[in-house]
Structures are given as C-alpha cells and as structure tokens.
file protein36.txt (compact mmCIF, C-alpha atoms)
# COMPACT_ATOMS: atom_id res chain seq x y z
CA MET L 1 -9.21 -6.86 -20.66
CA GLU L 2 -6.30 -5.76 -18.40
CA GLU L 3 -8.61 -4.71 -15.56
CA ALA L 4 -9.64 -8.35 -15.00
CA ILE L 5 -6.06 -9.55 -14.44
CA ALA L 6 -5.95 -11.66 -11.28
CA LEU L 7 -3.30 -10.44 -8.86
CA GLY L 8 -3.58 -13.38 -6.51
CA LYS L 9 -6.37 -15.48 -5.09
CA TYR L 10 -8.64 -12.56 -4.27
CA LEU L 11 -7.96 -9.21 -5.94
CA THR L 12 -8.00 -8.05 -9.54
CA LEU L 13 -5.95 -5.30 -11.11
CA ASN L 14 -9.10 -3.20 -11.39
CA GLU L 15 -9.75 -3.42 -7.64
CA PHE L 16 -6.12 -2.63 -6.84
CA CYS L 17 -6.05 0.44 -9.11
CA THR L 18 -9.47 1.98 -8.42
CA CYS L 19 -9.96 1.62 -4.65
CA THR L 20 -9.02 5.14 -3.50
CA ASN L 21 -11.55 7.84 -2.68
CA THR L 22 -9.58 10.22 -4.91
CA TYR L 23 -9.93 7.91 -7.90
CA GLN L 24 -13.67 7.51 -7.24
CA LYS L 25 -14.10 11.28 -7.09
CA TYR L 26 -12.13 12.10 -10.28
CA LYS L 27 -12.35 8.82 -12.23
CA ASP L 28 -13.37 10.53 -15.48
CA ASN L 29 -9.98 12.26 -15.50
CA ILE L 30 -7.72 9.46 -14.24
CA ASP L 31 -6.18 6.50 -16.05
CA PRO L 32 -5.58 4.30 -13.00
CA PHE L 33 -3.66 1.43 -14.63
CA PRO L 34 0.08 0.71 -14.83
CA LYS L 35 1.96 1.04 -18.10
CA ASN L 36 5.07 -0.98 -17.19
CA PRO L 37 4.48 -4.78 -17.21
CA GLU L 38 7.01 -5.06 -14.35
CA THR L 39 4.50 -3.20 -12.18
CA ILE L 40 1.87 -5.91 -12.62
CA THR L 41 4.41 -8.59 -11.67
CA ALA L 42 5.40 -6.61 -8.55
CA ILE L 43 1.76 -6.15 -7.53
CA GLN L 44 1.11 -9.87 -8.09
CA ASN L 45 4.05 -10.67 -5.78
CA LEU L 46 2.67 -8.32 -3.12
CA ASN L 47 -0.64 -10.17 -3.36
CA LYS L 48 0.91 -13.64 -3.32
CA PHE L 49 3.25 -13.12 -0.37
CA ILE L 50 1.42 -10.51 1.72
CA ILE L 51 -2.23 -9.86 0.83
CA ASP L 52 -3.36 -13.43 0.09
CA PRO L 53 -2.11 -14.78 3.47
CA ILE L 54 -3.78 -11.86 5.27
CA ILE L 55 -7.10 -12.49 3.50
CA ASP L 56 -6.74 -16.27 4.00
CA TYR L 57 -6.61 -15.68 7.76
CA PHE L 58 -8.94 -12.70 8.35
CA GLY L 59 -11.40 -13.34 5.49
CA GLN L 60 -12.15 -11.57 2.25
CA ASP L 61 -15.29 -10.00 3.70
CA LYS L 62 -13.18 -8.17 6.33
CA PHE L 63 -10.37 -7.01 4.02
CA TRP L 64 -10.72 -3.39 2.88
CA LEU L 65 -8.11 -2.12 0.41
CA THR L 66 -7.91 1.66 0.87
CA TYR L 67 -4.94 2.45 -1.41
CA GLY L 68 -3.30 0.22 -4.00
CA PHE L 69 -1.50 1.30 -7.15
CA CYS L 70 -0.88 4.99 -7.81
CA SER L 71 -0.76 5.90 -11.50
CA PRO L 72 0.80 9.18 -12.63
CA ASP L 73 -2.73 10.54 -13.17
CA LEU L 74 -3.80 9.56 -9.65
CA LYS L 75 -0.59 11.08 -8.25
CA ARG L 76 -1.45 14.38 -9.91
CA PHE L 77 -4.91 14.44 -8.29
CA LEU L 78 -3.62 13.35 -4.87
CA THR L 79 -1.36 16.40 -4.74
CA LYS L 80 -4.21 18.82 -5.59
CA LYS L 81 -6.68 20.40 -3.20
CA ASP L 82 -10.34 19.52 -3.39
CA PRO L 83 -12.08 22.55 -4.97
CA GLU L 84 -15.05 22.27 -2.58
CA THR L 85 -13.24 21.75 0.73
CA GLY L 86 -9.81 23.27 0.04
CA ILE L 87 -8.25 20.18 1.64
CA LYS L 88 -5.55 18.23 -0.18
CA ASN L 89 -6.95 15.04 -1.76
CA GLY L 90 -4.27 12.85 -0.24
CA ARG L 91 -0.67 12.24 0.53
CA VAL L 92 1.80 10.73 -1.85
CA ASP L 93 5.55 10.09 -1.57
CA PRO L 94 6.40 8.27 -4.79
CA SER L 95 10.14 8.22 -4.14
CA ARG L 96 9.62 6.08 -1.01
CA ASP L 97 6.20 4.51 -0.61
CA ARG L 98 6.18 2.06 -3.57
CA HIS L 99 2.56 2.76 -4.53
CA MET L 100 3.84 3.67 -8.02
CA SER L 101 5.74 0.37 -8.12
CA HIS L 102 7.87 0.03 -11.27
CA GLU L 103 6.35 2.92 -13.21
CA ILE L 104 8.78 5.11 -15.13
CA ASN L 105 8.66 8.92 -15.27
CA ARG L 106 9.19 11.11 -18.36
CA ASN L 107 12.94 11.14 -17.69
CA GLY L 108 13.08 7.36 -18.05
CA LYS L 109 13.66 6.78 -14.30
CA TYR L 110 11.61 4.81 -11.81
CA TYR L 111 9.41 7.00 -9.61
CA CYS L 112 10.58 4.84 -6.70
CA LYS L 113 14.06 3.35 -6.87
CA ARG L 114 13.15 0.85 -4.14
CA LEU L 115 10.93 -1.05 -6.60
CA GLY L 116 8.36 -3.58 -5.46
CA ALA L 117 4.77 -2.64 -4.66
CA ALA L 118 2.70 -1.39 -1.72
CA CYS L 119 -0.84 -1.04 -0.49
CA ASP L 120 -2.80 0.29 2.48
CA PHE L 121 -5.59 -1.79 3.99
CA LEU L 122 -7.83 -2.30 6.99
CA ILE L 123 -9.32 -5.41 8.49
CA THR L 124 -12.79 -4.40 9.60
CA ASP L 125 -13.68 -5.24 13.20
CA VAL L 126 -10.01 -5.90 14.07
CA SER L 127 -7.69 -3.20 15.40
CA SER L 128 -4.70 -2.54 13.17
CA ASP L 129 -2.23 -3.21 16.00
CA ARG L 130 -3.63 -6.76 16.29
CA VAL L 131 -3.23 -7.18 12.52
CA VAL L 132 0.41 -6.04 12.78
CA ASP L 133 0.93 -8.58 15.59
CA TRP L 134 -0.41 -11.31 13.31
CA ILE L 135 1.78 -10.21 10.35
CA LEU L 136 4.87 -10.32 12.57
CA PHE L 137 4.03 -13.68 14.17
CA GLN L 138 3.46 -15.15 10.70
CA LYS L 139 6.84 -13.74 9.59
CA LEU L 140 5.39 -12.36 6.36
CA PRO L 141 8.26 -11.16 4.14
CA PHE L 142 7.31 -7.48 3.94
CA ASP L 143 9.87 -4.76 3.34
CA SER L 144 8.25 -1.80 5.12
CA LEU L 145 5.20 -1.49 7.34
CA TYR L 146 3.77 1.86 8.44
CA PHE L 147 1.46 1.83 11.45
CA TYR L 148 -0.73 4.95 11.60
CA GLY L 149 -2.93 3.93 14.54
CA SER L 150 -5.25 1.19 15.78
CA GLU L 151 -8.24 2.37 13.75
CA ARG L 152 -6.31 3.46 10.63
CA PRO L 153 -5.10 1.53 7.58
CA ILE L 154 -1.76 -0.28 7.59
CA HIS L 155 0.72 0.48 4.81
CA ILE L 156 2.77 -2.53 3.74
CA SER L 157 5.25 -3.06 0.92
CA TYR L 158 6.88 -6.04 -0.73
CA GLY L 159 9.98 -6.03 -2.92
CA GLU L 160 13.28 -7.81 -3.38
CA GLN L 161 14.39 -6.79 0.09
CA HIS L 162 12.59 -8.20 3.07
CA ARG L 163 13.86 -5.76 5.69
CA ARG L 164 10.71 -6.03 7.83
CA ASP L 165 11.20 -2.39 8.73
CA ILE L 166 8.40 -0.92 10.90
CA TRP L 167 7.54 2.74 11.45
CA THR L 168 4.83 4.66 13.22
CA PHE L 169 4.14 8.38 12.89
CA ILE L 170 3.75 11.29 15.28
CA SER L 171 0.89 13.77 14.86
CA THR L 172 2.96 15.99 12.52
CA GLY L 173 3.50 13.08 10.15
CA GLN L 174 7.13 12.45 11.06
CA PRO L 175 8.19 8.78 11.16
CA THR L 176 9.38 7.36 14.47
CA LYS L 177 10.14 4.06 16.12
CA LYS L 178 8.93 5.29 19.52
CA GLY L 179 6.14 3.27 21.08
CA ILE L 180 6.65 0.18 18.91
CA GLN L 181 9.59 -1.44 20.72
CA HIS L 182 7.59 -4.64 21.26
CA TRP L 183 7.28 -5.03 17.48
CA LEU L 184 10.92 -4.12 16.85
CA ASP L 185 11.96 -6.75 19.40
CA LEU L 186 9.74 -9.33 17.72
CA VAL L 187 11.24 -8.57 14.29
CA SER L 188 14.82 -8.76 15.60
CA SER L 189 14.12 -12.10 17.32
CA ASN L 190 12.85 -13.66 14.09
call {"tool": "encode", "arguments": {"input": "protein36.txt", "output": "structure tokens"}}
result
Amino acid sequence: MEEAIALGKYLTLNEFCTCTNTYQKYKDNIDPFPKNPETITAIQNLNKFIIDPIIDYFGQDKFWLTYGFCSPDLKRFLTKKDPETGIKNGRVDPSRDRHMSHEINRNGKYYCKRLGAACDFLITDVSSDRVVDWILFQKLPFDSLYFYGSERPIHISYGEQHRRDIWTFISTGQPTKKGIQHWLDLVSSN
C-alpha cells in the first residue's frame, strides 16, 4: 500500500500527506497522495537530508510535522474559507513553496518549477529560533528556510539547489531579511 512507503528513518508517506488540519477536517473529500513518482523521490530526499538529521538530534517524540505534501485536492481546500468560521483554511503558494513537489498540473507543467520538496514542522519544547540555529550550525543542505516566529513552525525545502536562503516575514506576510542578520552572516561564513 503506497501510504506505508517509508520516506526516511522516521516518517511514512501517509504521515507526510495527512498531517494538516485542513486534511483532517475534509479528509473524505481529499486524495492526499502524490501522483508523480518523482514527488515521492523528492520527499524521500527531504527526509534523508533534512528531516532525519533533525529528528536524530531532537527526538521523534518532539518532532511535529504540521504541513507536508500538498496534493491538488488539498490545495483546493486550503484556498477555500471554512463555512463555519469564514476564515480561509490555509495559505498555499504552489509556484514557490515546494509543498506540491514534482506534481504536474492539467497543462502538463510542474506546479512549482523549483522542484524538490518542502515541509513545515515544530520541535515541541524548543523555540524555533534555536532549531534554526542548530540547522545552520549543522550545515544542513536546505534550499529555503522560512522563519515565522519562535513559537511557530519552520518551513524548510530541499531540492537540487542548496542555496540556504533564509527569510522571515512581517505581520502583513511580506518576506524580509530584517532581524535575521546573525543567521545570514552564519550562512555566508559557511
């Protein structure tokens, strides 16, 4: 069964594809799994080079995957508003964030030309800025890392490029490099 595919030492494809609150809420209407075999390979690489080392250090019991793979069905529900609250289910930027990995749209093009894969995660009982410090000191080969705040999940991607590009966001959701100079200096010195 494809859901039991091991992605690395710790996570399965099922865990990676069904972890979001939006999926849990609408699971009867969402096929959460990838269709392109290249996507599974990309997610396995993300696990091997990024997630497994993080779990090796911080522990599986502290690792909380909040957003893994985004299928076209999940994307559709993320862009909708919750009928009870009127609040959008989530944010999605398939052309940039790599959560859709190597999936192909109806026009035969990749949703994200950057390729690779991404996830968002928390380490419970450890502030996210300390986790970013650890990722940088370990020189993990990520491509992009988005820091949303000390108590919020970290977004990290892995692909063919290892740019180690770091962004944080202002309250309006705009990306910035302000306030993270210490990390930028650490990346440039490595």
call {"tool": "closest_atom_pairs", "arguments": {"input": "protein36.txt", "of": "segment 4-90 of chain L", "to": "segment 137-146 of chain L", "cutoff": "9 Å", "atoms": "only C-alpha atoms", "output": "tab-separated table"}}
result
residue	atom	partner	partner_atom	distance
L:Leu46	CA	L:Phe142	CA	8.5
L:Phe49	CA	L:Pro141	CA	7.0
L:Ile50	CA	L:Leu140	CA	6.4
L:Pro53	CA	L:Leu140	CA	8.4
call {"tool": "residues_near_point", "arguments": {"input": "protein36.txt", "point": "(-10.3, -12.8, -6.2)", "cutoff": "12 Å", "atoms": "all atoms listed in the file", "output": "ChimeraX atom specification"}}
result
/L:4-16,44,47-48,51-52,55-56,59-61,63
call {"tool": "residues_around", "arguments": {"input": "protein36.txt", "residues": "Val126 of chain L", "least_positions_apart": "6", "cutoff": "10 Å", "atoms": "all atoms listed in the file", "output": "NGL selection string"}}
result
:L and (58 or 62 or 150-151)
call {"tool": "write_last_selection", "arguments": {"input": "protein36.txt", "atoms": "C-alpha atoms", "output": "CSV table (one decimal), keeping the file's coordinate frame"}}
result
chain,number,residue,atom,x,y,z
L,58,PHE,CA,-8.9,-12.7,8.4
L,62,LYS,CA,-13.2,-8.2,6.3
L,150,SER,CA,-5.2,1.2,15.8
L,151,GLU,CA,-8.2,2.4,13.8
call {"tool": "residues_around", "arguments": {"input": "protein36.txt", "residues": "segment 166-175 of chain L", "least_positions_apart": "6", "cutoff": "12 Å", "atoms": "all atoms listed in the file", "output": "PyMOL selection string"}}
result
chain L and resi 91+128-129+132-133+135-136+142-150+152-157+181-188
call {"tool": "closest_residue", "arguments": {"input": "protein36.txt", "among": "L:Asp28, L:Asp97, L:Asp165, L:Glu38", "to": "Asp73 of chain L", "atoms": "only C-alpha atoms"}}
result
L:Asp28
call {"tool": "atom_distance", "arguments": {"input": "protein36.txt", "atom1": "atom CA of Cys119 of chain L", "atom2": "atom CA of Phe69 of chain L"}}
result
7.1 Å
call {"tool": "closest_residue", "arguments": {"input": "protein36.txt", "among": "L:Tyr57, L:Pro34, L:Ile40, L:Tyr26", "to": "Asn105 of chain L", "atoms": "all atoms listed in the file"}}
result
L:Pro34
call {"tool": "decode", "arguments": {"input": "protein36.txt", "residues": "segment 83-172 of chain L", "atoms": "C-alpha atoms", "output": "mmCIF file, in the first residue's frame"}}
result
data_model
loop_
_atom_site.group_PDB
_atom_site.id
_atom_site.type_symbol
_atom_site.label_atom_id
_atom_site.label_comp_id
_atom_site.auth_asym_id
_atom_site.auth_seq_id
_atom_site.Cartn_x
_atom_site.Cartn_y
_atom_site.Cartn_z
ATOM 1 C CA PRO L 83 -18.037 27.503 6.119
ATOM 2 C CA GLU L 84 -18.403 27.794 9.913
ATOM 3 C CA THR L 85 -15.805 30.470 10.667
ATOM 4 C CA GLY L 86 -15.498 32.291 7.327
ATOM 5 C CA ILE L 87 -11.710 32.125 7.722
ATOM 6 C CA LYS L 88 -9.541 30.767 4.922
ATOM 7 C CA ASN L 89 -8.410 27.193 5.645
ATOM 8 C CA GLY L 90 -4.771 27.966 4.958
ATOM 9 C CA ARG L 91 -2.174 29.562 2.798
ATOM 10 C CA VAL L 92 -0.677 27.999 -0.256
ATOM 11 C CA ASP L 93 1.823 29.295 -2.818
ATOM 12 C CA PRO L 94 2.416 26.311 -5.095
ATOM 13 C CA SER L 95 4.599 28.222 -7.542
ATOM 14 C CA ARG L 96 7.203 28.861 -4.807
ATOM 15 C CA ASP L 97 6.822 26.825 -1.642
ATOM 16 C CA ARG L 98 7.555 23.288 -2.972
ATOM 17 C CA HIS L 99 4.806 21.608 -0.930
ATOM 18 C CA MET L 100 3.408 20.274 -4.234
ATOM 19 C CA SER L 101 6.874 18.967 -5.101
ATOM 20 C CA HIS L 102 7.001 17.438 -8.604
ATOM 21 C CA GLU L 103 3.252 17.261 -9.202
ATOM 22 C CA ILE L 104 2.059 18.245 -12.666
ATOM 23 C CA ASN L 105 -0.983 20.413 -13.398
ATOM 24 C CA ARG L 106 -3.590 19.837 -16.135
ATOM 25 C CA ASN L 107 -1.450 21.808 -18.589
ATOM 26 C CA GLY L 108 1.390 19.319 -18.182
ATOM 27 C CA LYS L 109 3.582 21.771 -16.209
ATOM 28 C CA TYR L 110 5.010 21.465 -12.723
ATOM 29 C CA TYR L 111 3.060 23.434 -10.121
ATOM 30 C CA CYS L 112 6.440 24.589 -8.800
ATOM 31 C CA LYS L 113 9.297 24.951 -11.269
ATOM 32 C CA ARG L 114 11.812 24.948 -8.406
ATOM 33 C CA LEU L 115 11.195 21.215 -7.851
ATOM 34 C CA GLY L 116 12.275 19.431 -4.697
ATOM 35 C CA ALA L 117 10.032 19.125 -1.649
ATOM 36 C CA ALA L 118 9.163 21.077 1.499
ATOM 37 C CA CYS L 119 7.567 20.725 4.896
ATOM 38 C CA ASP L 120 6.691 22.787 7.955
ATOM 39 C CA PHE L 121 7.456 21.452 11.425
ATOM 40 C CA LEU L 122 7.874 22.306 15.079
ATOM 41 C CA ILE L 123 10.091 20.856 17.747
ATOM 42 C CA THR L 124 7.976 20.845 20.888
ATOM 43 C CA ASP L 125 9.562 22.455 23.942
ATOM 44 C CA VAL L 126 12.274 24.116 21.807
ATOM 45 C CA SER L 127 11.885 27.588 20.327
ATOM 46 C CA SER L 128 12.039 27.656 16.541
ATOM 47 C CA ASP L 129 14.900 30.170 16.531
ATOM 48 C CA ARG L 130 17.027 27.657 18.469
ATOM 49 C CA VAL L 131 16.101 24.968 15.926
ATOM 50 C CA VAL L 132 17.178 27.292 13.080
ATOM 51 C CA ASP L 133 20.481 27.889 14.918
ATOM 52 C CA TRP L 134 21.020 24.126 15.065
ATOM 53 C CA ILE L 135 20.142 23.644 11.355
ATOM 54 C CA LEU L 136 22.652 26.329 10.383
ATOM 55 C CA PHE L 137 25.433 25.049 12.664
ATOM 56 C CA GLN L 138 24.931 21.549 11.251
ATOM 57 C CA LYS L 139 25.142 22.984 7.708
ATOM 58 C CA LEU L 140 22.089 21.031 6.561
ATOM 59 C CA PRO L 141 21.765 21.381 2.762
ATOM 60 C CA PHE L 142 18.374 23.102 2.647
ATOM 61 C CA ASP L 143 17.356 25.362 -0.202
ATOM 62 C CA SER L 144 14.935 27.738 1.556
ATOM 63 C CA LEU L 145 14.005 28.229 5.189
ATOM 64 C CA TYR L 146 11.122 30.457 6.304
ATOM 65 C CA PHE L 147 11.138 31.583 9.924
ATOM 66 C CA TYR L 148 7.677 32.714 11.089
ATOM 67 C CA GLY L 149 8.485 33.231 14.772
ATOM 68 C CA SER L 150 9.889 31.496 17.845
ATOM 69 C CA GLU L 151 6.678 29.627 18.642
ATOM 70 C CA ARG L 152 5.619 28.916 15.039
ATOM 71 C CA PRO L 153 6.541 26.130 12.608
ATOM 72 C CA ILE L 154 9.639 26.370 10.420
ATOM 73 C CA HIS L 155 9.233 25.910 6.672
ATOM 74 C CA ILE L 156 12.185 24.158 5.027
ATOM 75 C CA SER L 157 12.759 22.892 1.498
ATOM 76 C CA TYR L 158 15.244 20.593 -0.172
ATOM 77 C CA GLY L 159 15.966 20.339 -3.889
ATOM 78 C CA GLU L 160 18.829 20.251 -6.347
ATOM 79 C CA GLN L 161 19.958 23.702 -5.260
ATOM 80 C CA HIS L 162 21.281 24.171 -1.770
ATOM 81 C CA ARG L 163 21.057 27.960 -1.608
ATOM 82 C CA ARG L 164 20.490 28.007 2.166
ATOM 83 C CA ASP L 165 18.279 31.036 1.640
ATOM 84 C CA ILE L 166 16.563 32.303 4.826
ATOM 85 C CA TRP L 167 13.525 34.565 5.108
ATOM 86 C CA THR L 168 11.357 35.866 7.893
ATOM 87 C CA PHE L 169 8.011 37.620 7.494
ATOM 88 C CA ILE L 170 6.496 40.879 8.700
ATOM 89 C CA SER L 171 2.973 40.958 10.133
ATOM 90 C CA THR L 172 1.413 41.527 6.681
#
